[in-house]
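Chemist: For reference, the file run29.csv (CSV, C-alpha atoms) is included below:
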```csv
chain,number,residue,atom,x,y,z
H,1,MET,CA,-10.1,-2.0,-68.3
H,2,LYS,CA,-12.2,-5.0,-69.0
H,3,ALA,CA,-11.6,-8.2,-67.0
H,4,ILE,CA,-13.2,-11.4,-68.2
H,5,VAL,CA,-13.6,-14.0,-65.5
H,6,THR,CA,-14.3,-17.6,-66.7
H,7,VAL,CA,-15.6,-19.9,-64.0
H,8,MET,CA,-15.7,-23.7,-64.6
H,9,LEU,CA,-16.5,-26.6,-62.4
H,10,LYS,CA,-13.2,-28.3,-61.4
H,11,PRO,CA,-12.2,-31.6,-63.2
H,12,GLY,CA,-13.8,-34.5,-61.4
H,13,VAL,CA,-16.9,-32.4,-60.2
H,14,LEU,CA,-19.9,-33.9,-61.9
H,15,ASP,CA,-21.4,-31.5,-64.5
H,16,PRO,CA,-24.8,-32.8,-65.4
H,17,GLN,CA,-25.6,-29.7,-67.4
H,18,GLY,CA,-22.6,-30.2,-69.6
H,19,ARG,CA,-23.5,-33.9,-70.0
H,20,ALA,CA,-27.1,-32.9,-71.0
H,21,ILE,CA,-25.7,-30.5,-73.6
H,22,GLY,CA,-23.5,-33.2,-74.9
H,23,GLN,CA,-26.4,-35.6,-75.2
H,24,ALA,CA,-28.5,-32.9,-77.0
H,25,LEU,CA,-25.6,-32.3,-79.5
H,26,ALA,CA,-25.4,-36.0,-80.2
H,27,HIS,CA,-29.2,-36.0,-80.7
H,28,LEU,CA,-28.8,-33.2,-83.3
H,29,GLY,CA,-26.4,-35.4,-85.2
H,30,PHE,CA,-23.1,-33.7,-84.2
H,31,ALA,CA,-20.8,-36.7,-84.1
H,32,GLY,CA,-17.4,-36.9,-82.4
H,33,VAL,CA,-18.2,-34.6,-79.4
H,34,GLY,CA,-16.4,-35.9,-76.3
H,35,GLU,CA,-17.0,-34.5,-72.8
H,36,VAL,CA,-18.9,-31.2,-72.6
H,37,ARG,CA,-18.4,-28.9,-69.7
H,38,ALA,CA,-20.6,-25.8,-69.0
H,39,GLY,CA,-19.3,-22.8,-67.1
H,40,LYS,CA,-20.0,-19.1,-66.8
H,41,VAL,CA,-18.3,-15.9,-68.1
H,42,ILE,CA,-18.5,-12.7,-66.0
H,43,GLU,CA,-17.4,-9.5,-67.7
H,44,LEU,CA,-16.2,-6.7,-65.4
H,45,ASP,CA,-15.7,-3.1,-66.4
H,46,LEU,CA,-13.0,-1.8,-64.0
H,47,ALA,CA,-11.9,1.7,-63.4
H,48,GLU,CA,-8.3,0.4,-63.0
H,49,THR,CA,-6.1,1.2,-66.0
H,50,ASP,CA,-3.1,-0.9,-65.1
H,51,PRO,CA,-3.5,-4.5,-66.5
H,52,GLY,CA,-1.6,-6.1,-63.7
H,53,ARG,CA,-3.6,-4.4,-60.9
H,54,ALA,CA,-6.8,-5.1,-62.8
H,55,ARG,CA,-6.0,-8.7,-62.9
H,56,THR,CA,-5.1,-8.8,-59.2
H,57,GLN,CA,-8.5,-7.1,-58.4
H,58,ALA,CA,-10.5,-9.5,-60.6
H,59,GLU,CA,-8.7,-12.5,-59.1
H,60,GLU,CA,-9.6,-11.3,-55.6
H,61,MET,CA,-13.2,-10.9,-56.7
H,62,ALA,CA,-13.2,-14.3,-58.1
H,63,ARG,CA,-11.8,-15.9,-54.9
H,64,GLN,CA,-14.3,-14.0,-52.6
H,65,LEU,CA,-17.5,-14.2,-54.7
H,66,LEU,CA,-17.5,-15.0,-58.4
H,67,ALA,CA,-16.2,-18.6,-58.0
H,68,ASN,CA,-16.7,-21.1,-55.2
H,69,THR,CA,-13.2,-22.6,-55.1
H,70,VAL,CA,-14.5,-25.7,-53.4
H,71,ILE,CA,-16.1,-26.8,-56.7
H,72,GLU,CA,-14.9,-24.3,-59.3
H,73,SER,CA,-11.7,-23.0,-60.8
H,74,PHE,CA,-11.5,-19.6,-62.6
H,75,ARG,CA,-9.4,-17.8,-65.2
H,76,VAL,CA,-9.0,-14.1,-65.5
H,77,ASP,CA,-8.3,-12.4,-68.9
H,78,VAL,CA,-7.7,-8.6,-69.0
H,79,ALA,CA,-8.3,-6.6,-72.1
M,1,MET,CA,-37.1,-24.0,-13.7
M,2,LEU,CA,-36.7,-24.1,-17.4
M,3,ARG,CA,-35.0,-21.2,-19.0
M,4,GLU,CA,-36.7,-19.4,-21.9
M,5,MET,CA,-34.9,-20.1,-25.0
M,6,ARG,CA,-34.7,-17.6,-27.8
M,7,ALA,CA,-34.7,-18.4,-31.4
M,8,ALA,CA,-34.6,-16.2,-34.5
M,9,VAL,CA,-35.3,-16.9,-38.1
M,10,VAL,CA,-33.2,-14.9,-40.6
M,11,THR,CA,-34.7,-14.0,-43.9
M,12,PHE,CA,-33.2,-12.7,-47.1
M,13,PRO,CA,-34.9,-11.4,-50.2
M,14,GLY,CA,-36.2,-14.5,-52.0
M,15,ILE,CA,-36.5,-16.7,-48.9
M,16,ASN,CA,-39.9,-18.2,-48.7
M,17,ARG,CA,-39.9,-20.9,-46.0
M,18,GLU,CA,-39.5,-18.6,-43.0
M,19,ARG,CA,-43.2,-19.0,-41.9
M,20,ASP,CA,-43.1,-22.8,-42.0
M,21,MET,CA,-40.0,-22.6,-39.9
M,22,ALA,CA,-41.5,-20.2,-37.4
M,23,ILE,CA,-44.5,-22.5,-37.0
M,24,ALA,CA,-42.3,-25.5,-36.3
M,25,LEU,CA,-40.2,-23.5,-33.8
M,26,THR,CA,-43.2,-22.1,-32.0
M,27,ARG,CA,-44.8,-25.6,-31.6
M,28,SER,CA,-41.7,-27.0,-29.9
M,29,PHE,CA,-40.4,-23.9,-28.1
M,30,GLY,CA,-43.7,-22.6,-26.9
M,31,ARG,CA,-43.0,-19.1,-28.1
M,32,ALA,CA,-42.5,-17.5,-31.5
M,33,PRO,CA,-39.1,-16.9,-32.8
M,34,ARG,CA,-37.8,-13.4,-33.6
M,35,MET,CA,-37.9,-12.7,-37.3
M,36,ILE,CA,-34.7,-11.0,-38.5
M,37,TRP,CA,-34.2,-9.2,-41.8
M,38,HIS,CA,-30.8,-9.7,-43.5
M,39,ARG,CA,-29.8,-6.1,-42.9
M,40,ASP,CA,-30.1,-6.5,-39.1
M,41,THR,CA,-26.9,-7.3,-37.4
M,42,ASP,CA,-28.0,-7.4,-33.7
M,43,LEU,CA,-28.3,-11.1,-32.8
M,44,SER,CA,-27.5,-10.6,-29.1
M,45,GLY,CA,-29.4,-12.7,-26.5
M,46,LEU,CA,-30.2,-15.5,-29.0
M,47,ASP,CA,-29.6,-19.2,-28.5
M,48,LEU,CA,-30.5,-20.4,-31.9
M,49,ILE,CA,-30.4,-18.8,-35.3
M,50,VAL,CA,-32.2,-20.5,-38.2
M,51,ILE,CA,-31.6,-19.8,-41.8
M,52,PRO,CA,-34.7,-21.2,-43.7
M,53,GLY,CA,-35.2,-22.3,-47.3
M,54,GLY,CA,-36.1,-20.5,-50.4
M,55,PHE,CA,-34.3,-18.8,-53.2
M,56,SER,CA,-32.3,-16.0,-51.7
M,57,TYR,CA,-31.4,-13.4,-54.3
M,58,GLY,CA,-33.0,-15.6,-57.0
M,59,ASP,CA,-30.2,-18.1,-56.7
M,60,TYR,CA,-28.1,-15.7,-58.8
M,61,LEU,CA,-24.5,-16.7,-59.4
M,62,ARG,CA,-24.8,-19.8,-57.2
M,63,CYS,CA,-27.4,-20.8,-54.6
M,64,GLY,CA,-26.7,-19.0,-51.4
M,65,ALA,CA,-23.6,-17.1,-52.8
M,66,MET,CA,-25.2,-13.6,-52.4
M,67,ALA,CA,-26.8,-14.2,-49.0
M,68,ALA,CA,-23.5,-15.6,-47.7
M,69,HIS,CA,-22.1,-12.0,-48.0
M,70,SER,CA,-25.1,-10.3,-46.4
M,71,PRO,CA,-24.5,-8.0,-43.4
M,72,VAL,CA,-26.2,-10.4,-41.1
M,73,MET,CA,-23.8,-13.3,-41.8
M,74,ASP,CA,-21.0,-11.7,-40.0
M,75,ALA,CA,-23.3,-11.5,-37.0
M,76,VAL,CA,-24.2,-15.2,-37.5
M,77,ARG,CA,-20.5,-16.0,-37.5
M,78,ALA,CA,-19.9,-14.1,-34.3
M,79,HIS,CA,-22.9,-16.0,-32.8
M,80,THR,CA,-21.3,-19.3,-33.6
M,81,ALA,CA,-18.0,-18.1,-32.2
M,82,ARG,CA,-19.8,-17.5,-28.9
M,83,GLY,CA,-21.0,-21.1,-29.0
M,84,GLY,CA,-24.5,-20.3,-30.4
M,85,TYR,CA,-26.6,-22.8,-32.3
M,86,VAL,CA,-27.3,-22.4,-36.0
M,87,LEU,CA,-29.7,-24.5,-38.2
M,88,GLY,CA,-29.7,-24.1,-42.0
M,89,VAL,CA,-32.3,-25.8,-44.0
M,90,CYS,CA,-32.2,-26.2,-47.8
M,91,ASN,CA,-31.2,-22.7,-49.1
M,92,GLY,CA,-30.0,-22.1,-45.5
M,93,PHE,CA,-27.6,-25.1,-45.8
M,94,GLN,CA,-26.4,-23.7,-49.1
M,95,ILE,CA,-25.8,-20.3,-47.5
M,96,LEU,CA,-23.8,-21.9,-44.7
M,97,THR,CA,-21.5,-23.7,-47.1
M,98,GLU,CA,-21.1,-20.6,-49.3
M,99,ALA,CA,-20.2,-18.7,-46.1
M,100,GLY,CA,-17.6,-21.3,-45.3
M,101,MET,CA,-19.4,-22.2,-42.0
M,102,LEU,CA,-19.9,-25.8,-43.1
M,103,PRO,CA,-17.6,-27.6,-45.6
M,104,GLY,CA,-18.4,-28.7,-49.1
M,105,ALA,CA,-20.9,-27.4,-51.6
M,106,LEU,CA,-24.4,-28.2,-53.0
M,107,LEU,CA,-24.2,-29.0,-56.7
M,108,ARG,CA,-27.0,-29.2,-59.2
M,109,ASN,CA,-29.0,-32.4,-58.7
M,110,ALA,CA,-27.3,-35.3,-60.6
M,111,GLY,CA,-30.5,-35.9,-62.6
M,112,LEU,CA,-30.8,-32.1,-63.3
M,113,ARG,CA,-34.5,-32.2,-62.2
M,114,PHE,CA,-35.9,-30.1,-59.4
M,115,LEU,CA,-36.9,-32.7,-56.8
M,116,SER,CA,-40.1,-32.0,-54.9
M,117,SER,CA,-41.2,-35.0,-53.0
M,118,ASP,CA,-40.8,-36.8,-49.7
M,119,CYS,CA,-37.5,-38.4,-48.9
M,120,HIS,CA,-36.3,-40.5,-46.0
M,121,LEU,CA,-33.4,-39.7,-43.7
M,122,ARG,CA,-31.4,-41.9,-41.4
M,123,VAL,CA,-30.3,-40.5,-38.1
M,124,GLU,CA,-26.5,-41.0,-37.7
M,125,ARG,CA,-26.1,-39.8,-34.2
M,126,THR,CA,-28.3,-38.8,-31.4
M,127,ASP,CA,-26.0,-37.1,-28.9
M,128,THR,CA,-26.5,-33.7,-30.5
M,129,ALA,CA,-28.7,-30.7,-29.7
M,130,PHE,CA,-30.5,-31.4,-33.0
M,131,THR,CA,-31.1,-35.1,-32.8
M,132,SER,CA,-31.5,-36.2,-29.1
M,133,HIS,CA,-35.2,-36.9,-29.5
M,134,TYR,CA,-34.5,-39.5,-32.3
M,135,GLN,CA,-33.1,-43.0,-31.9
M,136,ARG,CA,-29.9,-43.8,-33.6
M,137,GLY,CA,-30.7,-45.5,-36.9
M,138,ASP,CA,-34.2,-44.0,-37.0
M,139,ILE,CA,-35.4,-43.5,-40.5
M,140,PHE,CA,-37.9,-40.6,-40.8
M,141,ARG,CA,-39.7,-38.9,-43.6
M,142,ALA,CA,-39.1,-35.3,-44.7
M,143,PRO,CA,-40.3,-33.3,-47.6
M,144,MET,CA,-37.6,-32.0,-50.0
M,145,ALA,CA,-37.8,-29.3,-52.6
M,146,HIS,CA,-34.5,-28.4,-54.3
M,147,GLY,CA,-32.7,-28.2,-57.6
M,148,ASP,CA,-29.2,-28.0,-56.1
M,149,GLY,CA,-29.0,-30.5,-53.3
M,150,ASN,CA,-26.2,-32.8,-54.5
M,151,TYR,CA,-23.7,-32.6,-51.6
M,152,PHE,CA,-20.1,-32.5,-52.8
M,153,ALA,CA,-16.8,-32.3,-51.0
M,154,ASP,CA,-13.4,-33.7,-51.8
M,155,ASP,CA,-12.6,-37.2,-50.5
M,156,ALA,CA,-10.4,-35.9,-47.8
M,157,THR,CA,-13.2,-33.7,-46.4
M,158,LEU,CA,-15.7,-36.6,-46.7
M,159,ASP,CA,-13.4,-38.9,-44.9
M,160,ARG,CA,-12.9,-36.3,-42.1
M,161,LEU,CA,-16.7,-35.7,-41.8
M,162,GLU,CA,-17.3,-39.4,-41.4
M,163,GLY,CA,-14.2,-40.0,-39.2
M,164,GLU,CA,-15.3,-37.2,-36.8
M,165,GLY,CA,-18.9,-38.3,-36.8
M,166,LEU,CA,-20.1,-35.0,-38.4
M,167,VAL,CA,-22.7,-36.6,-40.7
M,168,ALA,CA,-26.0,-36.0,-39.1
M,169,PHE,CA,-28.4,-37.5,-41.6
M,170,ARG,CA,-28.1,-39.7,-44.7
M,171,TYR,CA,-30.7,-40.4,-47.4
M,172,ALA,CA,-32.1,-43.8,-46.7
M,173,PRO,CA,-34.5,-46.3,-48.3
M,174,PRO,CA,-37.2,-46.5,-49.5
M,175,THR,CA,-36.7,-43.3,-51.4
M,176,GLY,CA,-32.9,-43.3,-51.1
M,177,ASN,CA,-30.4,-40.8,-52.5
M,178,ARG,CA,-32.1,-39.1,-55.4
M,179,ASN,CA,-30.0,-36.0,-55.9
M,180,GLY,CA,-26.6,-37.7,-56.2
M,181,SER,CA,-25.1,-36.6,-52.9
M,182,ALA,CA,-21.7,-37.9,-52.0
M,183,ARG,CA,-22.0,-40.9,-49.6
M,184,ASP,CA,-25.7,-40.2,-49.3
M,185,ILE,CA,-25.1,-37.2,-47.1
M,186,ALA,CA,-28.2,-35.1,-46.4
M,187,GLY,CA,-27.0,-33.1,-43.4
M,188,ILE,CA,-23.8,-32.3,-41.7
M,189,LEU,CA,-22.6,-30.8,-38.4
M,190,SER,CA,-19.8,-28.4,-37.5
M,191,PRO,CA,-17.0,-29.9,-35.3
M,192,ASN,CA,-18.5,-28.4,-32.1
M,193,LEU,CA,-21.9,-29.9,-33.1
M,194,ARG,CA,-23.7,-26.6,-32.9
M,195,VAL,CA,-24.2,-25.8,-36.6
M,196,LEU,CA,-26.4,-28.2,-38.6
M,197,GLY,CA,-27.1,-27.8,-42.3
M,198,LEU,CA,-29.5,-30.2,-44.2
M,199,MET,CA,-31.3,-30.1,-47.5
M,200,PRO,CA,-34.7,-31.6,-46.6
M,201,HIS,CA,-37.4,-29.8,-44.6
M,202,PRO,CA,-38.2,-31.4,-41.2
M,203,GLU,CA,-40.1,-28.2,-40.4
M,204,ASP,CA,-42.8,-29.1,-42.9
M,205,LEU,CA,-43.8,-32.3,-41.1
M,206,VAL,CA,-44.5,-31.2,-37.5
M,207,ASP,CA,-48.3,-31.5,-37.5
M,208,PRO,CA,-50.6,-34.5,-38.0
M,209,LEU,CA,-52.8,-32.2,-40.1
M,210,LEU,CA,-50.0,-32.0,-42.6
M,211,GLY,CA,-49.5,-35.7,-42.8
M,212,GLY,CA,-47.2,-36.4,-39.9
M,213,GLU,CA,-44.8,-35.3,-37.2
M,214,ASP,CA,-41.6,-37.0,-38.4
M,215,GLY,CA,-39.7,-33.7,-38.3
M,216,LYS,CA,-40.9,-32.6,-34.9
M,217,PRO,CA,-38.2,-34.5,-32.8
M,218,LEU,CA,-35.6,-32.2,-34.3
M,219,PHE,CA,-37.2,-29.1,-32.9
M,220,ASP,CA,-38.1,-30.9,-29.7
M,221,SER,CA,-34.4,-31.8,-29.3
M,222,LEU,CA,-33.4,-28.2,-29.7
M,223,ALA,CA,-36.1,-27.1,-27.3
M,224,ALA,CA,-34.9,-29.6,-24.7
M,225,THR,CA,-31.2,-28.8,-25.1
M,226,LEU,CA,-31.7,-25.0,-25.1
M,227,ALA,CA,-34.0,-25.1,-22.1
M,228,ALA,CA,-31.6,-27.2,-20.0
```
Would you mind writing the file's structure down as structure tokens?

Modeler:
Amino acid sequence: MKAIVTVMLKPGVLDPQGRAIGQALAHLGFAGVGEVRAGKVIELDLAETDPGRARTQAEEMARQLLANTVIESFRVDVA
Amino acid sequence: MLREMRAAVVTFPGINRERDMAIALTRSFGRAPRMIWHRDTDLSGLDLIVIPGGFSYGDYLRCGAMAAHSPVMDAVRAHTARGGYVLGVCNGFQILTEAGMLPGALLRNAGLRFLSSDCHLRVERTDTAFTSHYQRGDIFRAPMAHGDGNYFADDATLDRLEGEGLVAFRYAPPTGNRNGSARDIAGILSPNLRVLGLMPHPEDLVDPLLGGEDGKPLFDSLAATLAA
């Protein structure tokens, strides 16, 4: 199964990269862009075939390594 | 008679400040530290373990995230559980936070730029093994070189750190807080005061030939404490 882990800085944690992207978009003439947040996406190819167990595995990986839960939150999508 | 104290510098792939650190330790301790590769796990007989700066594992995923799960880090944890001293500088500080040995995290610098310049640090307390050769309120110069030095922790953690006196150094004038760190925090201590993490590099200012000795008291403090 494929598990896709999306890691984002928590709300309230300053995201200077997202802000710089937002400023660049405004500079390019894209109007009406509010706050921009930048994160990362990690795709995992798992041997597990049960969606529930695959999700549990990916969540454990996110908690231990893929995300730093002091500053980041994560979401797991299984496909 | 003074006891011989034993220090070690742990290196990971991508660490590049281990030799500067070894020079600073040798100057104050009078003997060279052991150099330990991250796969080694025998840290017995050591008083002080230093995790130096650099870019361990290319800063992949997050600064320090990979190194925090290296085999040697379990041994470092056991060393602190025995009451051993640990110093983490720059990437070493990031590794200690990623390993959960110090609270908080180091975010991208608020201005997004990599900062390579001198900064100034105020000494917040002097009754620790790392700071006894400074005077309280001393402001000393230290080089810094980091892209992710913006100290972050939630308000409750920051209040606890300040309430328990665990802030060792803060960024101070004239250069001030250039990376956006919460409450100007540059370095923090563990509750037992035996683990110190800081972003700037005191080890790079221990010789008049290099422009000053502002960082030397930190290593002299350790030498005095560990020899006692």

Chemist: For a test of reading the model, state the distance in Å between CA of His79 in chain M and CA of Leu161 in chain M, rounded to one decimal.

Modeler: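 Straight-line distance from CA of His79 in chain M to CA of Leu161 in chain M works out to 22.5 Å.
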
Chemist: Just the residues within 12 Å of Ala47 in chain H, please, counting only C-alpha atoms, with nothing from its chain fewer than 3 positions along; format it as a list in words.

Modeler: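 What passes the distance filter is Met1, Lys2, Ala3, Leu44, Asp50, Pro51, Arg53, Ala54, Arg55, Gln57 and Ala58 of chain H.
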
Chemist: Mind pulling up the distance from CA of Pro217 in chain M to CA of Gln135 in chain M?

Modeler: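 CA of Gln135 in chain M sits 10.0 Å away from CA of Pro217 in chain M.
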
Chemist: Could you pull the residues within 9 Å of Gly18 in chain H, counting only C-alpha atoms, minus those fewer than 4 positions along the same chain, as JSON, numbers by chain?

Modeler: {"H": [14, 22, 23, 35, 36, 37, 38, 39]}

Chemist: Pick from M:Arg62, M:Arg27, M:Arg34, M:Arg17: nearest to chain H, with only C-alpha atoms counted?

Modeler: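 Using only C-alpha atoms, chain H sits closest to M:Arg62.
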
Chemist: Can you list every residue of chain M that has an atom at most 9 Å from chain H, with its nearest atom pair and the distance in Å to one decimal, using only C-alpha atoms, ordered by chain then number, as a Markdown table?

Modeler:
```
| residue | atom | partner | partner_atom | distance |
| --- | --- | --- | --- | --- |
| M:Leu61 | CA | H:Leu66 | CA | 7.3 |
| M:Arg62 | CA | H:Asn68 | CA | 8.4 |
| M:Ala65 | CA | H:Leu65 | CA | 7.0 |
| M:Met66 | CA | H:Leu65 | CA | 8.1 |
| M:His69 | CA | H:Leu65 | CA | 8.4 |
| M:Glu98 | CA | H:Asn68 | CA | 7.4 |
| M:Pro103 | CA | H:Val70 | CA | 8.6 |
| M:Gly104 | CA | H:Val70 | CA | 6.5 |
| M:Ala105 | CA | H:Val70 | CA | 6.9 |
| M:Leu107 | CA | H:Leu14 | CA | 8.3 |
| M:Arg108 | CA | H:Pro16 | CA | 7.5 |
| M:Asn109 | CA | H:Pro16 | CA | 7.9 |
| M:Ala110 | CA | H:Pro16 | CA | 6.0 |
| M:Gly111 | CA | H:Pro16 | CA | 7.1 |
| M:Leu112 | CA | H:Pro16 | CA | 6.4 |
| M:Phe152 | CA | H:Ile71 | CA | 8.0 |
| M:Ala153 | CA | H:Val70 | CA | 7.4 |
| M:Asp154 | CA | H:Val70 | CA | 8.2 |
```

Chemist: Which residues come within 6 Å of range 187-194 of chain M, counting all atoms listed in the file, excluding same-chain residues fewer than 2 positions away, as a PDB file with C-alpha atoms, keeping the file's coordinate frame?

Modeler:
```
ATOM      1  CA  TYR M  85     -26.600 -22.800 -32.300  1.00  0.00           C
ATOM      2  CA  LEU M 166     -20.100 -35.000 -38.400  1.00  0.00           C
ATOM      3  CA  VAL M 167     -22.700 -36.600 -40.700  1.00  0.00           C
ATOM      4  CA  ALA M 168     -26.000 -36.000 -39.100  1.00  0.00           C
ATOM      5  CA  PHE M 169     -28.400 -37.500 -41.600  1.00  0.00           C
ATOM      6  CA  ILE M 185     -25.100 -37.200 -47.100  1.00  0.00           C
ATOM      7  CA  LEU M 196     -26.400 -28.200 -38.600  1.00  0.00           C
ATOM      8  CA  GLY M 197     -27.100 -27.800 -42.300  1.00  0.00           C
ATOM      9  CA  LEU M 198     -29.500 -30.200 -44.200  1.00  0.00           C
TER      10      LEU M 198
END
```
